[in-house]
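What follows is a set of notes on a single structure, which appears directly below.
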Amino acid sequence: MALVRRMQDDQVKEQQTQVKLLSTVPQAYTVGVGDVLQIVVWDHPEIAAALGGSQAQASTRPGDPFSGFVVDQAGNLNFPYAGTLHVTGLRTEEVQSRLTSALAKYFIKPQVTVRMASYRAHEVYVDGEVRTPGVVAVNDVPMSLYEAISRAGGFADTADQSDLLLVRQGATQRINLTQMLTRGVSPSRLYLRPGDVLRVVARDENDVYVMGEVNKPVSAIPRRTGRITLADAIAQAGSVNSSTADAAQMFVVRGALNGKPEVFHLDGRSPVAMLVAKEFDLQPKDVVYVDGNGLVRFNRVLTLLIPAINAGLTAGLVAK
């Protein structure tokens, strides 16, 4: 049990490090290339002519307006009388202030209103085991991790909610929603940034292998929460074979492919063995092996030796 407690403490420390790394203060939305602005100069309806047929554009996405002032690829906004203004990286109120100053050269105390008509500059990408994977547009409401998954249709039935990959500026972080909720940490504190890629891993990618003296050797699949204990894995394998298994020789092999293998031994004869098995969390690609009892091992050795003995006897008879 001491080992189980130590492993759980390590998980808590790792979770705290993740939260500190990913919890950031959400930034206000700034205008970017491709955004569409709706601009009104009050008491000057003639400026609305700038939104005529020459400016109208076909909607490329659901909800896009058919007219508006589009920020071009250079990040500039072209507006009558004001000319060309560089607006990328500005908030709408800053764009409004610059337009007001530019128009003040031609109008007396111009009253200008600027608002976002269509958010097209900033996006995040949600992939993997969600119902509608794809691009999710970022708007003026800070996008939390939950919001991104919700707008992608929610988790699919095959999703492993304990294994989300967040790729940000070339670095990858693993997010365990199950552990966060267990520790009382709200995933709504995790905000995505434009350009982030969020991938929800499938449960069958995080399976574990149960081998040896079990009734049904199997690749065990975690629950939807992503958790699978040693007891769960053995249950999916139909339990140990009571006639051939040695309950004292149950092993978990971890990290065999990363150069740092670990082997954990469980004596199933101990009264607390099942309590430990219920609390011992397995990790993806762990191997659970149940060894055979002495008689089974003897029979297997004998089975291997008999062909060799028979071959020796046959060769001796031929020689005679």
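Residue numbers start at 1 in each chain; chains themselves are named A, B, ... in the order of the structure tokens; ligands are numbered from 1 in the order shown.
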Give me, as number ranges by chain, all polymer residues having an atom no more than 8 Å from A:Gly255, counting only C-alpha atoms and skipping those fewer than 6 positions away in the same chain. A: 261-262, 286
Determine, counting only C-alpha atoms, which protein, DNA and RNA residues have an atom within 10 Å of an atom of A:Asp207; residues of the same chain fewer than 6 positions away are not included. Present the result as a list of chain:residue names. A:Val218, A:Ser219, A:Ala220, A:Ile221, A:Pro222, A:Gly226, A:Ile228, A:Ala233, A:Leu282, A:Gln283, A:Pro284, A:Lys285, A:Asp286, A:Val287
Export N, CA and C atoms of the chosen residues as a PDB file, in the first residue's frame?
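Output file result-v4.pdb is given in full below:
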ATOM      1  N   VAL A 218      -5.888 -11.063 -22.822  1.00  0.00           N
ATOM      2  CA  VAL A 218      -6.638 -10.004 -23.486  1.00  0.00           C
ATOM      3  C   VAL A 218      -5.847  -8.704 -23.471  1.00  0.00           C
ATOM      4  N   SER A 219      -6.206  -7.823 -24.396  1.00  0.00           N
ATOM      5  CA  SER A 219      -5.744  -6.442 -24.368  1.00  0.00           C
ATOM      6  C   SER A 219      -6.837  -5.642 -23.671  1.00  0.00           C
ATOM      7  N   ALA A 220      -6.624  -5.274 -22.409  1.00  0.00           N
ATOM      8  CA  ALA A 220      -7.653  -4.654 -21.585  1.00  0.00           C
ATOM      9  C   ALA A 220      -7.767  -3.164 -21.898  1.00  0.00           C
ATOM     10  N   ILE A 221      -9.008  -2.682 -22.007  1.00  0.00           N
ATOM     11  CA  ILE A 221      -9.290  -1.298 -22.379  1.00  0.00           C
ATOM     12  C   ILE A 221      -9.701  -0.503 -21.142  1.00  0.00           C
ATOM     13  N   PRO A 222      -9.168   0.712 -20.976  1.00  0.00           N
ATOM     14  CA  PRO A 222      -9.570   1.534 -19.821  1.00  0.00           C
ATOM     15  C   PRO A 222     -11.030   1.953 -19.903  1.00  0.00           C
ATOM     16  N   GLY A 226     -10.594   6.821 -18.375  1.00  0.00           N
ATOM     17  CA  GLY A 226      -9.186   6.551 -18.638  1.00  0.00           C
ATOM     18  C   GLY A 226      -8.521   5.714 -17.580  1.00  0.00           C
ATOM     19  N   ILE A 228      -7.745   2.447 -15.337  1.00  0.00           N
ATOM     20  CA  ILE A 228      -7.838   0.993 -15.307  1.00  0.00           C
ATOM     21  C   ILE A 228      -6.883   0.502 -14.223  1.00  0.00           C
ATOM     22  N   ALA A 233      -8.101  -5.021 -14.990  1.00  0.00           N
ATOM     23  CA  ALA A 233      -7.452  -5.751 -16.079  1.00  0.00           C
ATOM     24  C   ALA A 233      -7.626  -7.257 -15.908  1.00  0.00           C
ATOM     25  N   LEU A 282      -2.941   1.092 -13.481  1.00  0.00           N
ATOM     26  CA  LEU A 282      -2.050   0.707 -14.568  1.00  0.00           C
ATOM     27  C   LEU A 282      -1.863   1.868 -15.527  1.00  0.00           C
ATOM     28  N   GLN A 283      -0.770   1.853 -16.229  1.00  0.00           N
ATOM     29  CA  GLN A 283      -0.463   2.866 -17.229  1.00  0.00           C
ATOM     30  C   GLN A 283      -0.534   2.243 -18.618  1.00  0.00           C
ATOM     31  N   PRO A 284      -0.727   3.071 -19.669  1.00  0.00           N
ATOM     32  CA  PRO A 284      -0.823   2.526 -21.027  1.00  0.00           C
ATOM     33  C   PRO A 284       0.361   1.622 -21.362  1.00  0.00           C
ATOM     34  N   LYS A 285       0.033   0.493 -21.989  1.00  0.00           N
ATOM     35  CA  LYS A 285       1.000  -0.492 -22.477  1.00  0.00           C
ATOM     36  C   LYS A 285       1.691  -1.279 -21.360  1.00  0.00           C
ATOM     37  N   ASP A 286       1.188  -1.198 -20.130  1.00  0.00           N
ATOM     38  CA  ASP A 286       1.689  -2.087 -19.087  1.00  0.00           C
ATOM     39  C   ASP A 286       1.397  -3.530 -19.473  1.00  0.00           C
ATOM     40  N   VAL A 287       2.212  -4.450 -18.955  1.00  0.00           N
ATOM     41  CA  VAL A 287       2.006  -5.877 -19.181  1.00  0.00           C
ATOM     42  C   VAL A 287       1.759  -6.542 -17.837  1.00  0.00           C
TER      43      VAL A 287
END
So, with only C-alpha atoms as the atoms that count, which of A:Phe69, A:Ser186, A:Gly32, A:Val124 lies closest to A:Ile47?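 Among A:Phe69, A:Ser186, A:Gly32, A:Val124, it is A:Phe69 that comes nearest to A:Ile47.
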Shell around stretch 74-80 of chain A at 10 Å using only C-alpha atoms, local window under 3 positions removed, as a ChimeraX atom specification: /A:31-37,39,47-50,69-71,83-89,95,99,102-103
